[in-house]
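Enquirer: Below you'll find my_file.cif; it's mmCIF, C-alpha atoms.
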data_work
#
loop_
_atom_site.label_atom_id
_atom_site.label_comp_id
_atom_site.auth_asym_id
_atom_site.auth_seq_id
_atom_site.Cartn_x
_atom_site.Cartn_y
_atom_site.Cartn_z
CA GLY A 1 0.00 0.00 0.00
CA PHE A 2 0.89 3.67 0.04
CA LEU A 3 2.39 3.65 3.55
CA SER A 4 4.58 0.68 2.72
CA HIS A 5 5.83 2.39 -0.43
CA ALA A 6 6.45 5.66 1.43
CA ARG A 7 8.44 3.82 4.08
CA HIS A 8 10.51 2.11 1.40
CA VAL A 9 11.27 5.44 -0.33
CA TYR A 10 12.19 7.06 3.00
CA LEU A 11 14.57 4.25 3.95
CA GLN A 12 16.20 4.38 0.53
CA GLN A 13 16.76 8.13 0.87
CA TRP A 14 17.98 7.74 4.45
CA SER A 15 20.54 5.18 3.32
CA TRP A 16 21.61 7.26 0.30
CA ASN A 17 22.03 10.46 2.33
CA GLY A 18 24.18 8.56 4.80
CA ARG A 19 26.41 7.41 1.95
CA LEU A 20 26.62 10.99 0.65
CA PHE A 21 27.82 12.19 4.05
CA ARG A 22 30.49 9.50 4.23
CA GLU A 23 31.64 10.50 0.75
CA MET A 24 31.75 14.16 1.81
CA GLU A 25 33.98 13.17 4.72
CA ARG A 26 36.27 11.29 2.32
CA ILE A 27 36.46 14.26 -0.05
CA ALA A 28 37.16 16.67 2.81
CA GLY A 29 39.91 14.42 4.15
CA GLN A 30 41.60 14.08 0.76
CA LEU A 31 41.50 17.81 0.06
CA GLU A 32 42.64 18.68 3.58
CA SER A 33 45.61 16.35 3.25
CA ARG A 34 46.63 18.33 0.15
CA GLY A 35 46.13 21.69 1.86
CA MET A 36 43.12 22.49 -0.34
CA PRO A 37 40.23 24.24 1.41
CA CYS A 38 36.60 23.63 0.49
CA LEU A 39 33.19 24.60 1.85
CA PHE A 40 30.23 22.25 1.54
CA PHE A 41 26.75 23.65 1.00
CA LYS A 42 23.25 22.69 -0.21
CA GLY A 43 22.38 19.00 -0.57
CA PRO A 44 22.88 16.72 2.45
CA LEU A 45 24.33 19.45 4.65
CA LEU A 46 21.28 21.65 4.09
CA ALA A 47 18.92 18.70 4.63
CA ASN A 48 20.62 17.81 7.90
CA SER A 49 20.22 21.35 9.23
CA LEU A 50 16.59 21.91 8.19
CA TYR A 51 14.86 18.54 8.56
CA PRO A 52 14.50 16.35 11.64
CA GLN A 53 15.26 13.07 9.87
CA LEU A 54 18.10 12.16 7.53
CA GLY A 55 15.73 10.64 4.97
CA SER A 56 13.28 13.55 4.90
CA ARG A 57 14.82 15.28 1.87
CA ALA A 58 15.85 13.85 -1.46
CA THR A 59 19.42 14.76 -2.38
CA HIS A 60 21.41 13.57 -5.35
CA ASP A 61 24.79 15.27 -5.54
CA ILE A 62 27.50 16.98 -3.51
CA ASP A 63 28.12 20.72 -3.84
CA LEU A 64 31.28 22.35 -2.60
CA LEU A 65 32.89 25.76 -2.94
CA ILE A 66 36.57 25.99 -3.88
CA PRO A 67 38.81 29.05 -4.31
CA GLU A 68 38.47 30.52 -7.80
CA SER A 69 42.17 31.28 -8.20
CA VAL A 70 43.28 27.65 -7.90
CA THR A 71 40.47 25.82 -9.72
CA THR A 72 42.84 23.85 -11.94
CA ASP A 73 44.77 22.51 -8.91
CA TYR A 74 41.69 20.66 -7.71
CA ALA A 75 41.31 18.60 -10.89
CA SER A 76 44.09 16.21 -9.87
CA ALA A 77 42.60 15.82 -6.40
CA PHE A 78 39.18 14.94 -7.85
CA ASP A 79 40.88 12.48 -10.18
CA ALA A 80 42.60 10.82 -7.21
CA LEU A 81 39.20 10.53 -5.55
CA GLY A 82 37.85 8.68 -8.58
CA TYR A 83 35.91 11.54 -10.19
CA ARG A 84 35.90 12.38 -13.87
CA ARG A 85 34.69 15.65 -15.33
CA ARG A 86 31.38 15.48 -17.18
CA SER A 87 31.26 19.15 -18.17
CA ARG A 88 32.59 19.92 -21.63
CA LEU A 89 34.68 23.06 -21.92
CA LEU A 90 34.78 25.02 -25.17
CA LEU A 91 37.49 27.30 -23.80
CA PRO A 92 40.58 26.74 -21.63
CA MET A 93 39.81 26.54 -17.92
CA THR A 94 41.37 29.95 -17.22
CA LEU A 95 38.80 31.51 -19.56
CA SER A 96 35.89 29.17 -18.80
CA ARG A 97 35.86 30.06 -15.12
CA ARG A 98 35.19 33.69 -16.06
CA VAL A 99 31.79 32.75 -17.50
CA LEU A 100 30.97 29.55 -15.57
CA TYR A 101 30.66 29.15 -11.82
CA GLN A 102 30.69 25.36 -11.45
CA LEU A 103 31.62 22.11 -13.15
CA GLU A 104 30.10 18.65 -12.99
CA TYR A 105 32.11 15.57 -12.02
CA GLU A 106 31.02 12.00 -11.45
CA SER A 107 32.41 8.79 -10.03
CA GLU A 108 30.94 5.34 -10.43
CA THR A 109 28.53 6.17 -7.61
CA PHE A 110 28.35 9.89 -6.86
CA ALA A 111 27.92 13.24 -8.61
CA LEU A 112 30.10 16.15 -7.51
CA GLU A 113 29.68 19.83 -8.37
CA PRO A 114 32.62 22.03 -7.40
CA HIS A 115 31.74 25.75 -7.51
CA TRP A 116 34.13 28.69 -7.44
CA SER A 117 31.23 31.14 -7.15
CA LEU A 118 27.57 30.92 -6.15
CA GLN A 119 26.38 32.39 -9.45
CA ARG A 120 27.56 34.19 -12.58
CA HIS A 121 25.91 37.33 -13.95
CA PRO A 122 27.45 40.56 -15.30
CA SER A 123 25.87 42.58 -12.49
CA LEU A 124 27.10 40.47 -9.55
CA THR A 125 30.04 41.43 -7.34
CA LEU A 126 29.92 38.66 -4.74
CA ASP A 127 32.24 39.14 -1.77
CA HIS A 128 34.11 35.84 -1.94
CA GLU A 129 36.66 36.98 0.63
CA ARG A 130 33.89 37.51 3.16
CA MET A 131 32.26 34.23 2.16
CA TRP A 132 35.41 32.34 3.04
CA ARG A 133 36.20 34.43 6.12
CA GLU A 134 32.78 33.74 7.66
CA ARG A 135 32.75 30.01 6.98
CA THR A 136 31.43 27.88 9.79
CA GLU A 137 31.90 24.33 11.01
CA ARG A 138 28.96 22.01 10.35
CA GLN A 139 28.55 18.44 11.48
CA THR A 140 27.47 15.25 9.77
CA PRO A 141 24.85 13.06 11.50
CA GLY A 142 27.78 11.01 12.76
CA GLY A 143 29.39 14.05 14.38
CA ALA A 144 32.23 14.53 11.88
CA PRO A 145 33.11 18.21 11.26
CA LEU A 146 32.76 19.72 7.79
CA GLN A 147 33.49 23.30 6.76
CA GLY A 148 30.43 25.04 5.34
CA LEU A 149 29.00 28.41 4.39
CA SER A 150 27.67 30.76 7.06
CA ASP A 151 23.90 30.96 7.55
CA GLU A 152 23.83 34.22 5.59
CA TYR A 153 25.62 32.81 2.58
CA THR A 154 23.71 29.53 2.81
CA LEU A 155 20.55 31.61 2.44
CA LEU A 156 22.06 33.59 -0.43
CA ALA A 157 23.26 30.42 -2.18
CA ASN A 158 19.72 29.07 -2.18
CA ILE A 159 18.31 32.36 -3.43
CA LEU A 160 20.88 32.52 -6.24
CA SER A 161 20.00 28.96 -7.29
CA VAL A 162 16.51 30.16 -8.28
CA PRO A 163 17.47 31.86 -11.61
CA SER A 164 19.57 28.88 -12.74
CA ASP A 165 16.91 26.32 -11.82
CA LEU A 166 14.29 28.50 -13.49
CA GLN A 167 16.26 28.59 -16.73
CA ASN A 168 16.81 24.85 -16.94
CA GLY A 169 13.26 23.97 -15.91
CA SER A 170 14.13 22.36 -12.58
CA LEU A 171 12.77 25.03 -10.19
CA LYS A 172 10.89 23.40 -7.30
CA LEU A 173 8.47 24.55 -4.63
CA ARG A 174 10.86 22.97 -2.14
CA THR A 175 13.47 25.67 -2.83
CA PHE A 176 11.14 28.40 -1.55
CA PHE A 177 10.09 26.29 1.44
CA GLU A 178 13.73 25.84 2.41
CA ILE A 179 14.39 29.56 1.98
CA HIS A 180 11.45 30.11 4.34
CA LEU A 181 12.97 27.64 6.84
CA LEU A 182 16.40 29.26 6.54
CA GLN A 183 14.94 32.69 7.30
CA ARG A 184 13.33 31.30 10.44
CA ARG A 185 16.76 30.18 11.72
CA PHE A 186 18.07 33.73 12.07
CA PRO A 187 18.00 35.07 15.65
CA ALA A 188 15.72 37.94 16.65
CA GLU A 189 18.72 40.24 17.08
CA TYR A 190 20.11 39.59 13.61
CA ASP A 191 21.13 42.81 11.85
CA TRP A 192 18.98 42.76 8.70
CA ALA A 193 19.98 46.35 7.87
CA ALA A 194 23.60 45.18 7.51
CA PHE A 195 22.40 42.17 5.50
CA TRP A 196 20.75 44.50 2.98
CA GLU A 197 23.81 46.76 2.83
CA ARG A 198 25.87 43.74 1.80
CA ARG A 199 23.26 42.68 -0.74
CA GLN A 200 23.27 46.16 -2.25
CA ALA A 201 27.07 46.05 -2.49
CA GLU A 202 26.95 42.61 -4.17
CA HIS A 203 24.01 43.61 -6.42
CA THR A 204 21.90 40.73 -5.11
CA ALA A 205 19.24 42.85 -3.35
CA ARG A 206 16.82 42.69 -6.28
CA VAL A 207 16.76 38.91 -6.57
CA CYS A 208 16.53 38.61 -2.76
CA ARG A 209 13.51 40.92 -2.59
CA ILE A 210 11.72 39.03 -5.36
CA VAL A 211 12.46 35.57 -3.96
CA PHE A 212 11.50 36.63 -0.42
CA ALA A 213 8.20 37.97 -1.80
CA VAL A 214 7.43 34.63 -3.47
CA SER A 215 8.41 32.66 -0.36
CA ARG A 216 6.23 34.91 1.79
CA GLY A 217 3.32 34.52 -0.62
CA LEU A 218 3.61 30.75 -0.50
CA PHE A 219 4.35 30.09 3.17
CA GLY A 220 3.50 33.30 5.00
CA PRO A 221 5.73 35.71 6.91
CA VAL A 222 8.57 34.59 9.15
CA PRO A 223 8.67 35.70 12.82
CA ILE A 224 11.37 38.30 12.12
CA GLU A 225 10.78 39.75 8.67
CA PRO A 226 13.92 40.77 6.73
CA GLY A 227 12.67 44.28 6.01
CA PRO A 228 13.79 45.07 2.46
CA ALA A 229 16.47 47.62 1.65
CA ALA A 230 13.74 49.35 -0.34
CA PRO A 231 10.05 48.46 -0.70
CA ILE A 232 9.44 46.05 -3.55
CA GLY A 233 8.43 48.15 -6.54
CA ALA A 234 5.80 47.57 -9.21
CA ALA A 235 8.28 46.01 -11.66
CA GLU A 236 9.70 43.65 -9.02
CA GLY A 237 6.16 42.81 -7.87
CA THR A 238 5.29 41.81 -11.42
CA LEU A 239 8.40 39.62 -11.60
CA ALA A 240 7.50 38.02 -8.26
CA ARG A 241 4.03 37.12 -9.58
CA GLN A 242 5.54 35.71 -12.78
CA LEU A 243 8.04 33.69 -10.75
CA LEU A 244 5.28 32.34 -8.52
CA ALA A 245 3.36 31.29 -11.65
CA GLN A 246 6.45 29.43 -12.89
CA VAL A 247 6.73 27.60 -9.56
CA LEU A 248 3.09 26.52 -9.57
CA ALA A 249 2.77 25.84 -13.32
CA PRO A 250 6.15 25.77 -15.10
CA ASP A 251 6.29 27.03 -18.68
CA ALA A 252 7.57 24.33 -21.02
CA ARG A 253 9.08 26.98 -23.28
CA GLU A 254 12.70 27.80 -22.55
CA TRP A 255 12.82 31.41 -23.74
CA PRO A 256 10.18 32.83 -21.31
CA ARG A 257 11.97 31.12 -18.43
CA LYS A 258 15.34 32.57 -19.46
CA ARG A 259 13.89 36.05 -19.91
CA LEU A 260 12.35 35.95 -16.44
CA ALA A 261 15.56 34.58 -14.89
CA TRP A 262 17.58 37.41 -16.44
CA GLY A 263 15.05 39.92 -15.08
CA LEU A 264 15.64 38.77 -11.50
CA PHE A 265 19.05 40.46 -11.57
CA ASP A 266 20.03 44.10 -11.86
CA SER A 267 20.50 45.19 -15.45
CA PRO A 268 24.24 45.54 -16.16
CA LEU A 269 23.45 48.85 -17.92
CA SER A 270 22.00 50.25 -14.69
CA LEU A 271 25.38 49.81 -13.02
CA ILE A 272 27.23 52.05 -15.46
CA HIS A 273 27.97 55.43 -13.91
CA ILE A 274 28.43 58.22 -16.43
#
Please express what this file holds, its structure, as C-alpha cells.

Expert:
Amino acid sequence: GFLSHARHVYLQQWSWNGRLFREMERIAGQLESRGMPCLFFKGPLLANSLYPQLGSRATHDIDLLIPESVTTDYASAFDALGYRRRSRLLLPMTLSRRVLYQLEYESETFALEPHWSLQRHPSLTLDHERMWRERTERQTPGGAPLQGLSDEYTLLANILSVPSDLQNGSLKLRTFFEIHLLQRRFPAEYDWAAFWERRQAEHTARVCRIVFAVSRGLFGPVPIEPGPAAPIGAAEGTLARQLLAQVLAPDAREWPRKRLAWGLFDSPLSLIHI
C-alpha cells in the first residue's frame, strides 16, 4: 500500500544520504591532506540542518565551494578521488571560469559539483573573501566536522540557485520552502539592515527581494521579517508574480523562463555610472 511504499522510499533516501555524508567526509579528508580548502553547501548538509530526519529530503549530488584562483589545482585531487569531469569546456579553464561558476564531475557512484562562485551574472560582485572568512563548522549526523558556508551565505546560495533552476526547468516549490525555513533560523537580534547593505554592495538585493516575496506569498511571513532595503516596486512585484506562476505551473518553453531569470538580476546597464 501507500504507507509501505512511502516507508521504502524514505529508507532508501535515508541510506543514500548517509552514503553521501560519508563521501563528503572522504572528499574533505583528501582535500585537507593536500592543503586544499573547500566549503560544503546545499544537498545533504542543508537537509541535515533543516529537517529532523536524515531521509526527509531527497538529495542527489555533492556541492562544494573551492577558491576561484586555484580551480585547476583541484582537478588532480578529484581524479585521485575517482571523479571524472562530465562538463565539456569550449574554452581553456582559465577563460571558462570567467563565464561559468561550477563544473560537474562523477564517479561510479556519486555526482560532484565544485563551484568557485555561487552564481555568474554581469551585475554580480559577490564578496568571496567575506564568504570564506565567515565560513562555519557544520557536522554530519555522525558528528564529523565539515566546513560550510555561514547561515547568511547559505541563504544567499539558495536564493541565487533560483534563476539557474528556473532557466533549466528544474525550479521546485521545495526551494522556496527551504528559503522560508532558513529565514526562520536567524536570531531575533540579527542585523537585517547590515544584511541589505551587503546585498546592495553585491548587487543581489533585487533577486533577494523578489524571492522573499514569493516565499512569503507561498508560506506566510517569518517571525522576524527581513525588512527590504527598499520596498518592492511595481516592476519587481510583477516579476515576483511571474516567478510564482512558474513555480506553480512551469512554462515548457525555454525562452520565457530565461527572460524571467535574467530579469531577476540588476540590469548591467543600470550599473554604469556616467

Enquirer: Can you give me, as a ChimeraX atom specification, the residues this file yields under the PyMOL selection byres ((chain A and resi 107) around 7)?

Expert: /A:82-84,106,108-111

Enquirer: How would you write as a PDB file with C-alpha atoms, keeping the file's coordinate frame the residues that get within 7 Å of (9.8, 31.2, -7.7) in the file's frame, counting only C-alpha atoms?

Expert:
ATOM      1  CA  VAL A 162      16.510  30.160  -8.280  1.00  0.00           C
ATOM      2  CA  PHE A 176      11.140  28.400  -1.550  1.00  0.00           C
ATOM      3  CA  VAL A 211      12.460  35.570  -3.960  1.00  0.00           C
ATOM      4  CA  VAL A 214       7.430  34.630  -3.470  1.00  0.00           C
ATOM      5  CA  LEU A 243       8.040  33.690 -10.750  1.00  0.00           C
ATOM      6  CA  LEU A 244       5.280  32.340  -8.520  1.00  0.00           C
ATOM      7  CA  GLN A 246       6.450  29.430 -12.890  1.00  0.00           C
ATOM      8  CA  VAL A 247       6.730  27.600  -9.560  1.00  0.00           C
TER       9      VAL A 247
END

Enquirer: For the atom pair CA of Glu25 in chain A and CA of Arg98 in chain A, what is the interatomic distance in Å to one decimal place?

Expert: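 Pair CA of Glu25 in chain A / CA of Arg98 in chain A returns 29.2 Å.
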
Enquirer: At what distance in Å, to one decimal, does CA of Asp73 in chain A lie from CA of Ser161 in chain A?

Expert: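 It comes out at 25.6 Å.
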
Enquirer: Using all atoms listed in the file, can you tell me which of A:Leu50, A:Leu182, A:Leu90, A:Leu146 comes closest to Val222 in chain A?

Expert: A:Leu182

Enquirer: Env of Ile224 in chain A: 9 Å cut, atoms = all atoms listed in the file, seq-sep filter 6 positions within chain, self excluded. Answer as a PDB file with C-alpha atoms, in the frame of the given file.

Expert:
ATOM      1  CA  GLN A 183      14.940  32.690   7.300  1.00  0.00           C
ATOM      2  CA  ARG A 184      13.330  31.300  10.440  1.00  0.00           C
ATOM      3  CA  PHE A 186      18.070  33.730  12.070  1.00  0.00           C
ATOM      4  CA  PRO A 187      18.000  35.070  15.650  1.00  0.00           C
ATOM      5  CA  ALA A 188      15.720  37.940  16.650  1.00  0.00           C
ATOM      6  CA  TYR A 190      20.110  39.590  13.610  1.00  0.00           C
TER       7      TYR A 190
END

Enquirer: Which of these residues is nearest to Ala201 in chain A, using only C-alpha atoms: A:Ala234, A:Ala245, A:Ile179, A:Leu126?

Expert: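 Closest residue, counting only C-alpha atoms: A:Leu126.
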
Enquirer: Could you tell me which residues the PyMOL selection byres ((chain A and resi 9-14) around 8) grabs in this file, written as an MDAnalysis selection string?

Expert: chainID A and resid 5:8 15:18 54:59

Enquirer: Can you list, as a JSON list (two decimals) with C-alpha atoms, keeping the file's coordinate frame, the residues that the PyMOL selection byres ((chain A and resi 79) around 12) selects here?

Expert:
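And here is the file that came out, result25.json:
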[["chain", "number", "residue", "atom", "x", "y", "z"],
["A", 27, "ILE", "CA", 36.46, 14.26, -0.05],
["A", 30, "GLN", "CA", 41.60, 14.08, 0.76],
["A", 31, "LEU", "CA", 41.50, 17.81, 0.06],
["A", 72, "THR", "CA", 42.84, 23.85, -11.94],
["A", 73, "ASP", "CA", 44.77, 22.51, -8.91],
["A", 74, "TYR", "CA", 41.69, 20.66, -7.71],
["A", 75, "ALA", "CA", 41.31, 18.60, -10.89],
["A", 76, "SER", "CA", 44.09, 16.21, -9.87],
["A", 77, "ALA", "CA", 42.60, 15.82, -6.40],
["A", 78, "PHE", "CA", 39.18, 14.94, -7.85],
["A", 80, "ALA", "CA", 42.60, 10.82, -7.21],
["A", 81, "LEU", "CA", 39.20, 10.53, -5.55],
["A", 82, "GLY", "CA", 37.85, 8.68, -8.58],
["A", 83, "TYR", "CA", 35.91, 11.54, -10.19],
["A", 84, "ARG", "CA", 35.90, 12.38, -13.87],
["A", 85, "ARG", "CA", 34.69, 15.65, -15.33],
["A", 105, "TYR", "CA", 32.11, 15.57, -12.02],
["A", 106, "GLU", "CA", 31.02, 12.00, -11.45],
["A", 107, "SER", "CA", 32.41, 8.79, -10.03],
["A", 112, "LEU", "CA", 30.10, 16.15, -7.51]]

Enquirer: Can you pull out every residue within 7 Å of Asp266 in chain A, counting all atoms listed in the file, but drop anything in the same chain fewer than 3 positions away, and send it as an NGL selection string?

Expert: :A and (123 or 203 or 206)

Enquirer: I'd like the neighbourhood of Asn48 in chain A as a ChimeraX atom specification, where a residue qualifies if any of its atoms comes within 8 Å (using all atoms listed in the file), though same-chain residues fewer than 4 positions away should be ignored.

Expert: /A:44,52-54,140-141

Enquirer: Rank A:Ser4, A:Thr175, A:Gln119, A:Gln167 by their smallest atom-to-atom distance to Ser215 in chain A, using only C-alpha atoms, and report the top residue only.

Expert: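 Among A:Ser4, A:Thr175, A:Gln119, A:Gln167, it is A:Thr175 that comes nearest to Ser215 in chain A.
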
Enquirer: Between A:Phe21, A:Glu129, A:Trp116, A:Leu39, single out the one closest to Glu68 in chain A, counting only C-alpha atoms.

Expert: A:Trp116

Enquirer: Select, from A:Trp262, A:Phe195, A:Phe212, A:Trp132, the residue with the minimum atom-to-atom distance to Pro67 in chain A, counting only C-alpha atoms.

Expert: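 Of A:Trp262, A:Phe195, A:Phe212, A:Trp132, the one nearest Pro67 in chain A is A:Trp132, counting only C-alpha atoms.
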
Enquirer: How far is it from CA of Ile210 in chain A to CA of Ile232 in chain A, in Å with one decimal?

Expert: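 Here the two named atoms are 7.6 Å from each other.
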